[in-house]
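> Just passing along the structure, written as structure tokens.
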Protein chains: 2
Amino acid sequence: MGDPDMAQTGKQLFTTLDADGTLTVKIEDVAIPEPTGSQVLVKMEAAPINPSDLAILVGGADLDTAHYTPGKFVATVPEAVNAGSGARHGLKLPAGNEGAGTVIAAGDSDAAQALMGQRVSCVPGNAYSQYCVAEAAMCLPLGDHSAKDGASAFVNPMTALGFVESARMDGQDAILHTVGASNLGQMLTRICKEDGIGLVNIVRKAEQAELLTQMGASNVVNSSDDGFMQQLTSAIEDTGAFYGFDPIGGGRTVDTVFKAMEKVAVSQMTEYSRYGSNQLKRMFIYGRLDNSPTTLTPGYGFGWSLSGWLLFPFLQSAGTETVQRMRQRVRDTLTTTFASHYKAHVGLEEMLTKEAVTDYAGMKTGEKYLVTPWA
Amino acid sequence: MGDPDMAQTGKQLFTTLDADGTLTVKIEDVAIPEPTGSQVLVKMEAAPINPSDLAILVGGADLDTAHYTPGKFVATVPEAVNAGSGARHGLKLPAGNEGAGTVIAAGDSDAAQALMGQRVSCVPGNAYSQYCVAEAAMCLPLGDHSAKDGASAFVNPMTALGFVESARMDGQDAILHTVGASNLGQMLTRICKEDGIGLVNIVRKAEQAELLTQMGASNVVNSSDDGFMQQLTSAIEDTGAFYGFDPIGGGRTVDTVFKAMEKVAVSQMTEYSRYGSNQLKRMFIYGRLDNSPTTLTPGYGFGWSLSGWLLFPFLQSAGTETVQRMRQRVRDTLTTTFASHYKAHVGLEEMLTKEAVTDYAGMKTGEKYLVTPWA
């Protein structure tokens, strides 16, 4: 770091929740870290705001009553939510799972040195920064791709591929996804089409259904339609999808899916059972777009399972070989299968304005933000 | 069946739910069936009313407005429940999973013939009858034990043993049970003590806690106590029980347990994670004492799994050898480890009186009914 032309500090976002429920999110100047061993220093160019980043960024705070000043906002987290956040009280935390930029310094390891000067996708955990230290093994060299192309090369692509890997490991050849038109949902649609995996896509709007149908998806059902339950049941019957993923978490989405799955399973039984079907119905909650409670009603017997699903534990259980294969596929088809789209680009200070925060905190389908930390 | 001394018909209970929500439960005279092949004919002497029998017996009906006549009651099932019961509309179904009696006729198979004249525990599915046909392979010869001793030798004992088998298969050495003082809970307490398995018992009353403590249980927590959450957390910490079983189903029991498990897991983490702990927290719903929705709130990350658990699918997956070992253990310790207690004995007609129905439909802990079909 002896280069006299190089800045000694960079801007970075921090989020702090105090015990009294005060959430402070602000940009600070921090010393540029020095990479060692297998680490690289990445000058960040772009980082997406994923739903998985929002929990720590806005954390259930009341954004309407928040106080916004340049490069900072202070909000109050309601007691009900704050009480469950004790583990982070007083901690000043970075944010931003992933992003892309150029490697400008590297530790001693061969893997780190090999990345010097390259543009990479990385998973530093503090991607809302001008400079990040990242593990070389988690970096994906982007070649001629732009930072924007590579900013979202990890979380959504690996999650969508992870769903398909999970399904295969569990002997399934069809998947249900409750937010078909999301960025991730579109990737999943392309993957399933390429791999010949059955897919039931649930969407909420006619234009989302249209979008997926144009992409070649065949089992798209719209939860706003009158005949939704009938459509959903037919789609499950067509595909045999008794295995699904949901990032909403709260409310009755999973319950509705279980009911439709059971309806199909019962229709295929030859004899009545008071316990419902023995068809195993599995759903995985991989996000919390809705923080209200998950509601499961009786009515689908005992042959069901609902689990949390997180990318990093999954990758650990999947093993290095599988992960490498998944990453290679992302790299090979970064701008086609795994293309991401952004509604807006914001600088670090701009991302903490009321207009931006309230917009991206709404997590509307297809309205992802990209943070460009030098803007 | 040519024996001229033998009756040609026997009494049997039937339950019918019509599409309009009318539930009719009545005793009828039916021809005594003839066992063939591997079947035996059992003259039934005793059959318990288990929670698992109640769904089909009273099925969410409004029992206060039911019409009771000798050997029959007619009740209305509310639309919300009835709508989910379409698969049984119009079916006239038997009831009573298990019971005990004496084998008075047998099919040709050696296994069936070997049981002739013996008192057996059996799982006929129509145990609220004077005569049942049962599979020989599912019969447990009772030797000198009474029918009362053997009436509940299958469902509760095999379920309690099944919990321990499930836990072991999943690499766990501790279990949590949300209704510690139930008949099944007491069996589980004795099994865990014998096998050195850690057990957290949740109870609702001081006298239930006292009962289990006298049995030698060491981690009994009372949900009515002010310090319940603290007690529960300590008990989970002591035992390492991140694996539990719940027959309540509805409400927040499972949610509360997950919260306590996560509290313990987070306290053992060295670093804060926005995603919660990676400690896998597993709960199984094996009954529906509460038919209200299951509520799961956010707050325990994504390292959790909630599944339905049913005895028969479990036994199928466990394999013959395991099942035989479990059954042998039940037989060996029928009146100690697997002893059942009954609040009342009722005949077939008496079990359909308002007094009896409203009492056993309440499913109060420790107040199990025994049906004695010749009374």
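Each chain in the structure tokens gets a letter, A, B, ..., in the order shown, and its residues are numbered from 1; ligands are numbered from 1 in order too.
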Range 292-297 of chain A: which residues within 7 Å, counting only C-alpha atoms, same-chain residues fewer than 6 positions away excluded, as a list in words?

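The residues satisfying every condition are Gly249, Gly250, Gly251, Arg252 and Asp255 of chain A; Ser292, Pro293, Thr294, Thr295, Leu296, Thr297 and Pro298 of chain B.
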
> Would you mind exporting all heavy atoms of the selected residues as a JSON list (two decimals), in the first residue's frame?


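New file again.json:
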```json
[["chain", "number", "residue", "atom", "x", "y", "z"],
["A", 249, "GLY", "N", -41.90, -15.75, 3.09],
["A", 249, "GLY", "CA", -41.82, -16.14, 4.49],
["A", 249, "GLY", "C", -43.10, -15.92, 5.25],
["A", 249, "GLY", "O", -43.75, -16.86, 5.68],
["A", 250, "GLY", "N", -43.51, -14.67, 5.42],
["A", 250, "GLY", "CA", -44.71, -14.39, 6.19],
["A", 250, "GLY", "C", -45.98, -14.66, 5.41],
["A", 250, "GLY", "O", -45.97, -14.81, 4.19],
["A", 251, "GLY", "N", -47.09, -14.73, 6.16],
["A", 251, "GLY", "CA", -48.40, -14.88, 5.53],
["A", 251, "GLY", "C", -48.74, -16.31, 5.17],
["A", 251, "GLY", "O", -48.27, -17.26, 5.81],
["A", 252, "ARG", "N", -49.55, -16.47, 4.13],
["A", 252, "ARG", "CA", -50.12, -17.78, 3.81],
["A", 252, "ARG", "C", -49.64, -18.37, 2.50],
["A", 252, "ARG", "O", -50.24, -19.32, 1.98],
["A", 252, "ARG", "CB", -51.65, -17.68, 3.78],
["A", 252, "ARG", "CG", -52.23, -17.38, 5.15],
["A", 252, "ARG", "CD", -53.73, -17.61, 5.18],
["A", 252, "ARG", "NE", -54.22, -17.37, 6.52],
["A", 252, "ARG", "CZ", -54.83, -18.30, 7.27],
["A", 252, "ARG", "NH1", -55.01, -19.50, 6.81],
["A", 252, "ARG", "NH2", -55.23, -18.00, 8.49],
["A", 255, "ASP", "N", -48.64, -21.98, 2.97],
["A", 255, "ASP", "CA", -49.85, -22.72, 3.31],
["A", 255, "ASP", "C", -50.67, -23.01, 2.06],
["A", 255, "ASP", "O", -51.15, -24.13, 1.85],
["A", 255, "ASP", "CB", -50.67, -21.88, 4.30],
["A", 255, "ASP", "CG", -51.87, -22.62, 4.84],
["A", 255, "ASP", "OD1", -51.67, -23.68, 5.46],
["A", 255, "ASP", "OD2", -53.00, -22.15, 4.65],
["B", 292, "SER", "N", -56.13, -24.81, 15.38],
["B", 292, "SER", "CA", -55.89, -23.45, 14.88],
["B", 292, "SER", "C", -54.57, -23.45, 14.10],
["B", 292, "SER", "O", -53.79, -24.40, 14.18],
["B", 292, "SER", "CB", -55.86, -22.46, 16.05],
["B", 292, "SER", "OG", -54.70, -22.63, 16.82],
["B", 293, "PRO", "N", -54.31, -22.40, 13.33],
["B", 293, "PRO", "CA", -53.09, -22.39, 12.51],
["B", 293, "PRO", "C", -51.82, -22.42, 13.37],
["B", 293, "PRO", "O", -51.80, -21.93, 14.49],
["B", 293, "PRO", "CB", -53.17, -21.06, 11.76],
["B", 293, "PRO", "CG", -54.61, -20.69, 11.76],
["B", 293, "PRO", "CD", -55.16, -21.22, 13.05],
["B", 294, "THR", "N", -50.79, -23.02, 12.81],
["B", 294, "THR", "CA", -49.45, -22.97, 13.39],
["B", 294, "THR", "C", -48.85, -21.62, 13.01],
["B", 294, "THR", "O", -48.88, -21.23, 11.85],
["B", 294, "THR", "CB", -48.57, -24.07, 12.77],
["B", 294, "THR", "OG1", -49.27, -25.30, 12.81],
["B", 294, "THR", "CG2", -47.24, -24.19, 13.51],
["B", 295, "THR", "N", -48.32, -20.91, 13.99],
["B", 295, "THR", "CA", -47.75, -19.59, 13.73],
["B", 295, "THR", "C", -46.24, -19.62, 13.94],
["B", 295, "THR", "O", -45.77, -19.99, 15.02],
["B", 295, "THR", "CB", -48.39, -18.56, 14.68],
["B", 295, "THR", "OG1", -49.77, -18.48, 14.39],
["B", 295, "THR", "CG2", -47.76, -17.19, 14.51],
["B", 296, "LEU", "N", -45.51, -19.25, 12.91],
["B", 296, "LEU", "CA", -44.05, -19.18, 13.00],
["B", 296, "LEU", "C", -43.62, -17.74, 12.76],
["B", 296, "LEU", "O", -43.86, -17.20, 11.69],
["B", 296, "LEU", "CB", -43.41, -20.08, 11.94],
["B", 296, "LEU", "CG", -43.78, -21.56, 11.96],
["B", 296, "LEU", "CD1", -43.19, -22.27, 10.75],
["B", 296, "LEU", "CD2", -43.29, -22.21, 13.24],
["B", 297, "THR", "N", -43.00, -17.13, 13.75],
["B", 297, "THR", "CA", -42.55, -15.75, 13.58],
["B", 297, "THR", "C", -41.09, -15.73, 13.13],
["B", 297, "THR", "O", -40.37, -16.70, 13.31],
["B", 297, "THR", "CB", -42.68, -14.99, 14.92],
["B", 297, "THR", "OG1", -41.88, -15.64, 15.91],
["B", 297, "THR", "CG2", -44.11, -14.95, 15.39],
["B", 298, "PRO", "N", -40.64, -14.60, 12.56],
["B", 298, "PRO", "CA", -39.21, -14.51, 12.24],
["B", 298, "PRO", "C", -38.44, -14.43, 13.56],
["B", 298, "PRO", "O", -39.02, -14.17, 14.61],
["B", 298, "PRO", "CB", -39.08, -13.19, 11.49],
["B", 298, "PRO", "CG", -40.46, -12.74, 11.16],
["B", 298, "PRO", "CD", -41.36, -13.35, 12.18]]
```

> So which residues touch range 64-80 of chain B within 10 Å, counting only C-alpha atoms, skipping near sequence neighbours fewer than 6 positions away, as a list in words?

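Surrounding residues, per the criterion: Leu13, Phe14, Thr15, Thr16, Leu17, Asp18, Ala19, Asp20, Gly21, Thr22, Leu23, Thr24, Val25, Lys26, Ile27, Glu28, Val58, Gly347, Leu348, Glu349, Glu350, Met351, Leu352, Thr353, Lys354, Glu355, Val357 and Thr358 of chain B.
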
> What does the structure give for the distance between CA of Arg204 in chain A and CA of Arg288 in chain A, in Å to one decimal?

17.1 Å

> Might you pull out every residue within 8 Å of range 108-122 of chain A, with only C-alpha atoms counted and same-chain residues fewer than 5 positions away left off, and present them as a compact mmCIF listing (two decimals) with N, CA, C and O atoms, in the first residue's frame?


```
# COMPACT_ATOMS: atom_id res chain seq x y z
N THR A 36 -3.90 -9.77 3.08
CA THR A 36 -2.82 -10.70 3.44
C THR A 36 -3.21 -12.10 3.00
O THR A 36 -4.39 -12.39 2.79
N GLY A 37 -2.19 -12.94 2.85
CA GLY A 37 -2.44 -14.35 2.53
C GLY A 37 -3.29 -14.53 1.29
O GLY A 37 -2.92 -14.09 0.20
N SER A 38 -4.45 -15.12 1.47
CA SER A 38 -5.32 -15.44 0.34
C SER A 38 -6.31 -14.31 0.03
O SER A 38 -7.26 -14.53 -0.73
N GLN A 39 -6.09 -13.15 0.62
CA GLN A 39 -7.02 -12.04 0.39
C GLN A 39 -6.58 -11.15 -0.78
O GLN A 39 -5.41 -11.07 -1.12
N VAL A 40 -7.59 -10.49 -1.37
CA VAL A 40 -7.29 -9.45 -2.36
C VAL A 40 -7.99 -8.17 -1.93
O VAL A 40 -8.99 -8.21 -1.20
N GLU A 98 -22.34 -8.74 -1.79
CA GLU A 98 -21.56 -9.01 -3.00
C GLU A 98 -21.40 -7.77 -3.85
O GLU A 98 -22.10 -6.77 -3.66
N GLY A 99 -20.51 -7.85 -4.81
CA GLY A 99 -20.31 -6.75 -5.74
C GLY A 99 -19.21 -7.11 -6.72
O GLY A 99 -18.77 -8.26 -6.78
N ALA A 100 -18.78 -6.10 -7.48
CA ALA A 100 -17.70 -6.33 -8.43
C ALA A 100 -16.80 -5.10 -8.49
O ALA A 100 -17.23 -3.98 -8.23
N GLY A 101 -15.55 -5.35 -8.79
CA GLY A 101 -14.58 -4.26 -8.89
C GLY A 101 -13.26 -4.82 -9.40
O GLY A 101 -13.21 -5.95 -9.90
N THR A 102 -12.20 -4.03 -9.22
CA THR A 102 -10.90 -4.43 -9.76
C THR A 102 -9.90 -4.69 -8.62
O THR A 102 -9.82 -3.90 -7.67
N VAL A 103 -9.18 -5.79 -8.75
CA VAL A 103 -8.20 -6.15 -7.73
C VAL A 103 -6.99 -5.23 -7.86
O VAL A 103 -6.33 -5.21 -8.91
N ALA A 134 -11.44 -9.16 0.03
CA ALA A 134 -12.24 -10.34 -0.29
C ALA A 134 -11.33 -11.57 -0.37
O ALA A 134 -10.13 -11.45 -0.63
N GLU A 135 -11.92 -12.74 -0.16
CA GLU A 135 -11.19 -13.99 -0.30
C GLU A 135 -11.01 -14.32 -1.78
O GLU A 135 -11.99 -14.32 -2.54
N ALA A 136 -9.79 -14.64 -2.18
CA ALA A 136 -9.52 -14.95 -3.58
C ALA A 136 -10.39 -16.11 -4.07
O ALA A 136 -10.92 -16.09 -5.19
N ALA A 137 -10.56 -17.12 -3.22
CA ALA A 137 -11.31 -18.31 -3.63
C ALA A 137 -12.77 -17.99 -3.95
O ALA A 137 -13.43 -18.73 -4.67
N MET A 138 -13.28 -16.91 -3.38
CA MET A 138 -14.67 -16.53 -3.62
C MET A 138 -14.79 -15.53 -4.77
O MET A 138 -15.90 -15.10 -5.10
N CYS A 139 -13.68 -15.12 -5.37
CA CYS A 139 -13.73 -14.17 -6.48
C CYS A 139 -13.91 -14.90 -7.81
O CYS A 139 -13.33 -15.96 -8.02
N LEU A 140 -14.69 -14.30 -8.68
CA LEU A 140 -14.91 -14.86 -10.01
C LEU A 140 -14.34 -13.84 -11.01
O LEU A 140 -14.87 -12.73 -11.11
N PRO A 141 -13.26 -14.18 -11.72
CA PRO A 141 -12.70 -13.23 -12.68
C PRO A 141 -13.73 -12.95 -13.78
O PRO A 141 -14.35 -13.89 -14.31
N LEU A 142 -13.92 -11.68 -14.11
CA LEU A 142 -15.00 -11.31 -15.03
C LEU A 142 -14.55 -11.14 -16.47
O LEU A 142 -15.40 -10.88 -17.35
N GLY A 143 -13.23 -11.24 -16.72
CA GLY A 143 -12.78 -11.07 -18.10
C GLY A 143 -13.18 -9.70 -18.62
O GLY A 143 -12.95 -8.70 -17.95
N ALA A 147 -18.39 -4.30 -14.53
CA ALA A 147 -18.67 -4.52 -13.10
C ALA A 147 -20.17 -4.67 -12.90
O ALA A 147 -20.63 -5.44 -12.06
N GLY A 150 -21.16 -8.10 -13.56
CA GLY A 150 -20.69 -9.07 -12.58
C GLY A 150 -21.08 -8.80 -11.14
O GLY A 150 -20.81 -9.60 -10.26
N ALA A 151 -21.78 -7.66 -10.91
CA ALA A 151 -22.08 -7.25 -9.53
C ALA A 151 -22.92 -8.28 -8.79
O ALA A 151 -22.76 -8.51 -7.60
N SER A 152 -23.85 -8.92 -9.52
CA SER A 152 -24.77 -9.87 -8.89
C SER A 152 -24.45 -11.30 -9.32
O SER A 152 -25.35 -12.12 -9.50
N ALA A 153 -23.18 -11.61 -9.46
CA ALA A 153 -22.80 -12.93 -9.99
C ALA A 153 -22.81 -14.02 -8.94
O ALA A 153 -22.61 -15.19 -9.25
N PHE A 154 -23.03 -13.65 -7.69
CA PHE A 154 -22.95 -14.69 -6.66
C PHE A 154 -24.31 -15.04 -6.05
O PHE A 154 -24.82 -16.14 -6.24
```

> Residues within 12 Å of Arg274 in chain A, please, as a list of chain:residue names. Count only C-alpha atoms; anything in the same chain fewer than 6 positions from it doesn't count.

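Returned residues: A:Val266, A:Gly299, A:Tyr300, A:Gly301, A:Phe302, B:Thr15, B:Leu17, B:Ser52, B:Asp53, B:Leu54, B:Ala55, B:Ile56, B:Leu57, B:Gly59, B:Gly84, B:Ser85, B:Gly86, B:Ala87, B:Arg88, B:His89, B:Leu91, B:Leu93, B:Pro94, B:Ala95, B:Gly96, B:Asn97, B:Gly125, B:Leu310.
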
> Could you go through range 114-362 of chain A and tell me which residues DSSP, when run on the backbone, assigns to strand (DSSP E or B), listing them as a VMD selection string?

chain A and resid 119 to 122 129 131 to 135 140 to 141 174 to 177 198 to 203 219 to 222 243 to 246 249 to 251 281 to 285 290 to 296 304 to 308 344 to 346

> Can you tell me how far CA of Trp304 in chain A sits from CA of Arg282 in chain B, in Å to one decimal?

13.4 Å

> Separation of CA of Ala174 in chain A and CA of Gly366 in chain A, in Å?

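Those two atoms sit 24.1 Å apart.
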
> Can you pull out every residue within 12 Å of range 190-197 of chain B, counting only C-alpha atoms, but drop anything in the same chain fewer than 6 positions away, and send it as a PyMOL selection string?

chain B and resi 157-165+167-168+171-177+180-181+183-184+212-219+239-241+243+326+329-330+333+336-339

> Could you save those same residues with C-alpha atoms as a PDB file, in the first residue's frame?


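Wrote selection26.pdb, looks like this:
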```
ATOM      1  CA  PRO B 157     -45.391 -47.036  22.626  1.00  0.00           C
ATOM      2  CA  MET B 158     -44.263 -47.224  19.009  1.00  0.00           C
ATOM      3  CA  THR B 159     -44.585 -43.452  18.610  1.00  0.00           C
ATOM      4  CA  ALA B 160     -42.482 -42.761  21.717  1.00  0.00           C
ATOM      5  CA  LEU B 161     -39.898 -45.307  20.604  1.00  0.00           C
ATOM      6  CA  GLY B 162     -40.125 -43.847  17.108  1.00  0.00           C
ATOM      7  CA  PHE B 163     -39.105 -40.420  18.421  1.00  0.00           C
ATOM      8  CA  VAL B 164     -35.969 -41.911  19.928  1.00  0.00           C
ATOM      9  CA  GLU B 165     -35.232 -43.894  16.756  1.00  0.00           C
ATOM     10  CA  ALA B 167     -33.445 -38.744  16.844  1.00  0.00           C
ATOM     11  CA  ARG B 168     -30.728 -41.392  16.671  1.00  0.00           C
ATOM     12  CA  GLY B 171     -27.524 -38.030  15.032  1.00  0.00           C
ATOM     13  CA  GLN B 172     -29.238 -36.479  18.055  1.00  0.00           C
ATOM     14  CA  ASP B 173     -28.821 -37.541  21.667  1.00  0.00           C
ATOM     15  CA  ALA B 174     -31.492 -35.304  23.161  1.00  0.00           C
ATOM     16  CA  ILE B 175     -35.185 -34.689  22.495  1.00  0.00           C
ATOM     17  CA  LEU B 176     -37.688 -32.027  23.416  1.00  0.00           C
ATOM     18  CA  HIS B 177     -41.349 -32.941  23.937  1.00  0.00           C
ATOM     19  CA  GLY B 180     -44.393 -34.094  28.769  1.00  0.00           C
ATOM     20  CA  ALA B 181     -47.140 -35.345  31.059  1.00  0.00           C
ATOM     21  CA  ASN B 183     -49.521 -40.807  28.359  1.00  0.00           C
ATOM     22  CA  LEU B 184     -47.019 -40.824  25.496  1.00  0.00           C
ATOM     23  CA  LEU B 212     -42.500 -36.250  35.840  1.00  0.00           C
ATOM     24  CA  THR B 213     -39.937 -35.223  38.426  1.00  0.00           C
ATOM     25  CA  GLN B 214     -41.045 -38.121  40.599  1.00  0.00           C
ATOM     26  CA  MET B 215     -40.463 -40.375  37.612  1.00  0.00           C
ATOM     27  CA  GLY B 216     -36.890 -39.166  37.574  1.00  0.00           C
ATOM     28  CA  ALA B 217     -37.133 -36.582  34.771  1.00  0.00           C
ATOM     29  CA  SER B 218     -34.597 -33.796  35.207  1.00  0.00           C
ATOM     30  CA  ASN B 219     -35.463 -31.109  32.654  1.00  0.00           C
ATOM     31  CA  THR B 239     -29.442 -31.186  27.198  1.00  0.00           C
ATOM     32  CA  GLY B 240     -28.493 -29.887  23.748  1.00  0.00           C
ATOM     33  CA  ALA B 241     -32.024 -30.698  22.585  1.00  0.00           C
ATOM     34  CA  TYR B 243     -34.820 -31.720  18.064  1.00  0.00           C
ATOM     35  CA  MET B 326     -39.199 -51.839  18.930  1.00  0.00           C
ATOM     36  CA  ARG B 329     -39.223 -53.946  23.709  1.00  0.00           C
ATOM     37  CA  VAL B 330     -42.885 -52.995  24.074  1.00  0.00           C
ATOM     38  CA  THR B 333     -41.943 -53.939  29.354  1.00  0.00           C
ATOM     39  CA  THR B 336     -43.768 -50.797  33.243  1.00  0.00           C
ATOM     40  CA  THR B 337     -42.173 -48.573  30.574  1.00  0.00           C
ATOM     41  CA  PHE B 338     -45.266 -48.715  28.400  1.00  0.00           C
ATOM     42  CA  ALA B 339     -48.027 -48.734  31.007  1.00  0.00           C
TER      43      ALA B 339
END
```

> If we count only C-alpha atoms and set the cut-off at 9 Å, which residues sit around Ala344 in chain A, ignoring sequence neighbours fewer than 6 positions away in its own chain? Please answer as a PyMOL selection string.

chain A and resi 367-371

> For the selection just defined, write its residues with C-alpha atoms to a file, as an mmCIF file, in the first residue's frame.


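The file below, out_1.cif, is the result:
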```
data_model
loop_
_atom_site.group_PDB
_atom_site.id
_atom_site.type_symbol
_atom_site.label_atom_id
_atom_site.label_comp_id
_atom_site.auth_asym_id
_atom_site.auth_seq_id
_atom_site.Cartn_x
_atom_site.Cartn_y
_atom_site.Cartn_z
ATOM 1 C CA GLU A 367 -36.851 -3.033 -9.135
ATOM 2 C CA LYS A 368 -33.387 -3.855 -7.852
ATOM 3 C CA TYR A 369 -30.904 -1.063 -7.034
ATOM 4 C CA LEU A 370 -27.212 -1.028 -7.913
ATOM 5 C CA VAL A 371 -24.786 0.871 -5.695
#
```

> Counting only C-alpha atoms, what is within 12 Å of Asn278 in chain B, bar same-chain residues fewer than 6 positions away, as a PDB file with N, CA and C atoms, in the first residue's frame?


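File produced: part_20.pdb:
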```pdb
ATOM      1  N   GLY A 308     -36.011 -23.604   6.684  1.00  0.00           N
ATOM      2  CA  GLY A 308     -35.254 -22.459   6.212  1.00  0.00           C
ATOM      3  C   GLY A 308     -34.196 -22.940   5.227  1.00  0.00           C
ATOM      4  N   TRP A 309     -33.824 -22.081   4.292  1.00  0.00           N
ATOM      5  CA  TRP A 309     -32.799 -22.440   3.305  1.00  0.00           C
ATOM      6  C   TRP A 309     -31.900 -21.234   3.129  1.00  0.00           C
ATOM      7  N   LEU A 310     -30.633 -21.418   3.347  1.00  0.00           N
ATOM      8  CA  LEU A 310     -29.667 -20.325   3.188  1.00  0.00           C
ATOM      9  C   LEU A 310     -28.534 -20.784   2.289  1.00  0.00           C
ATOM     10  N   LEU A 311     -28.067 -19.855   1.469  1.00  0.00           N
ATOM     11  CA  LEU A 311     -27.058 -20.200   0.473  1.00  0.00           C
ATOM     12  C   LEU A 311     -25.759 -20.743   1.074  1.00  0.00           C
ATOM     13  N   PHE A 312     -25.196 -20.032   2.065  1.00  0.00           N
ATOM     14  CA  PHE A 312     -23.868 -20.435   2.540  1.00  0.00           C
ATOM     15  C   PHE A 312     -23.853 -21.814   3.203  1.00  0.00           C
ATOM     16  N   PRO A 313     -24.794 -22.107   4.093  1.00  0.00           N
ATOM     17  CA  PRO A 313     -24.819 -23.479   4.625  1.00  0.00           C
ATOM     18  C   PRO A 313     -25.042 -24.518   3.525  1.00  0.00           C
ATOM     19  N   PHE A 314     -25.867 -24.158   2.529  1.00  0.00           N
ATOM     20  CA  PHE A 314     -26.074 -25.109   1.434  1.00  0.00           C
ATOM     21  C   PHE A 314     -24.764 -25.380   0.701  1.00  0.00           C
ATOM     22  N   GLN A 316     -21.768 -25.092   1.734  1.00  0.00           N
ATOM     23  CA  GLN A 316     -20.879 -25.898   2.586  1.00  0.00           C
ATOM     24  C   GLN A 316     -21.240 -27.372   2.512  1.00  0.00           C
ATOM     25  N   SER A 317     -22.542 -27.661   2.555  1.00  0.00           N
ATOM     26  CA  SER A 317     -22.959 -29.070   2.535  1.00  0.00           C
ATOM     27  C   SER A 317     -22.797 -29.674   1.142  1.00  0.00           C
TER      28      SER A 317
ATOM     29  N   PHE B 242     -32.023 -29.864  20.315  1.00  0.00           N
ATOM     30  CA  PHE B 242     -32.435 -28.998  19.211  1.00  0.00           C
ATOM     31  C   PHE B 242     -33.348 -29.793  18.273  1.00  0.00           C
ATOM     32  N   MET B 261     -34.533 -22.389  21.394  1.00  0.00           N
ATOM     33  CA  MET B 261     -33.391 -23.113  20.805  1.00  0.00           C
ATOM     34  C   MET B 261     -32.404 -22.117  20.185  1.00  0.00           C
ATOM     35  N   GLU B 262     -32.941 -21.124  19.471  1.00  0.00           N
ATOM     36  CA  GLU B 262     -32.073 -20.157  18.808  1.00  0.00           C
ATOM     37  C   GLU B 262     -31.319 -19.314  19.838  1.00  0.00           C
ATOM     38  N   VAL B 264     -30.280 -20.245  22.715  1.00  0.00           N
ATOM     39  CA  VAL B 264     -29.146 -21.053  23.183  1.00  0.00           C
ATOM     40  C   VAL B 264     -28.055 -21.079  22.114  1.00  0.00           C
ATOM     41  N   ALA B 265     -28.466 -21.300  20.856  1.00  0.00           N
ATOM     42  CA  ALA B 265     -27.478 -21.400  19.776  1.00  0.00           C
ATOM     43  C   ALA B 265     -26.717 -20.090  19.601  1.00  0.00           C
ATOM     44  N   VAL B 266     -27.438 -18.974  19.652  1.00  0.00           N
ATOM     45  CA  VAL B 266     -26.788 -17.668  19.472  1.00  0.00           C
ATOM     46  C   VAL B 266     -25.822 -17.393  20.623  1.00  0.00           C
ATOM     47  N   GLN B 268     -24.037 -19.376  22.002  1.00  0.00           N
ATOM     48  CA  GLN B 268     -22.827 -20.191  21.816  1.00  0.00           C
ATOM     49  C   GLN B 268     -22.016 -19.755  20.594  1.00  0.00           C
ATOM     50  N   MET B 269     -22.492 -18.702  19.888  1.00  0.00           N
ATOM     51  CA  MET B 269     -21.764 -18.216  18.706  1.00  0.00           C
ATOM     52  C   MET B 269     -20.687 -17.216  19.139  1.00  0.00           C
ATOM     53  N   GLU B 271     -19.477 -14.996  16.874  1.00  0.00           N
ATOM     54  CA  GLU B 271     -19.586 -13.836  16.001  1.00  0.00           C
ATOM     55  C   GLU B 271     -21.044 -13.623  15.606  1.00  0.00           C
ATOM     56  N   TYR B 272     -21.466 -12.364  15.520  1.00  0.00           N
ATOM     57  CA  TYR B 272     -22.840 -12.069  15.124  1.00  0.00           C
ATOM     58  C   TYR B 272     -23.082 -12.417  13.657  1.00  0.00           C
ATOM     59  N   TYR B 300     -35.559 -16.675  14.273  1.00  0.00           N
ATOM     60  CA  TYR B 300     -34.615 -17.767  14.527  1.00  0.00           C
ATOM     61  C   TYR B 300     -33.906 -18.161  13.240  1.00  0.00           C
ATOM     62  N   GLY B 301     -33.687 -17.131  12.409  1.00  0.00           N
ATOM     63  CA  GLY B 301     -32.878 -17.326  11.213  1.00  0.00           C
ATOM     64  C   GLY B 301     -33.455 -18.324  10.239  1.00  0.00           C
ATOM     65  N   PHE B 302     -32.564 -19.043   9.581  1.00  0.00           N
ATOM     66  CA  PHE B 302     -32.977 -19.975   8.542  1.00  0.00           C
ATOM     67  C   PHE B 302     -32.547 -21.412   8.847  1.00  0.00           C
ATOM     68  N   GLY B 303     -31.942 -21.613  10.007  1.00  0.00           N
ATOM     69  CA  GLY B 303     -31.466 -22.943  10.363  1.00  0.00           C
ATOM     70  C   GLY B 303     -32.509 -23.742  11.119  1.00  0.00           C
ATOM     71  N   TRP B 304     -33.684 -23.902  10.521  1.00  0.00           N
ATOM     72  CA  TRP B 304     -34.744 -24.630  11.209  1.00  0.00           C
ATOM     73  C   TRP B 304     -35.540 -25.448  10.203  1.00  0.00           C
ATOM     74  N   SER B 305     -36.231 -26.418  10.741  1.00  0.00           N
ATOM     75  CA  SER B 305     -37.057 -27.277   9.907  1.00  0.00           C
ATOM     76  C   SER B 305     -38.235 -27.774  10.735  1.00  0.00           C
TER      77      SER B 305
END
```
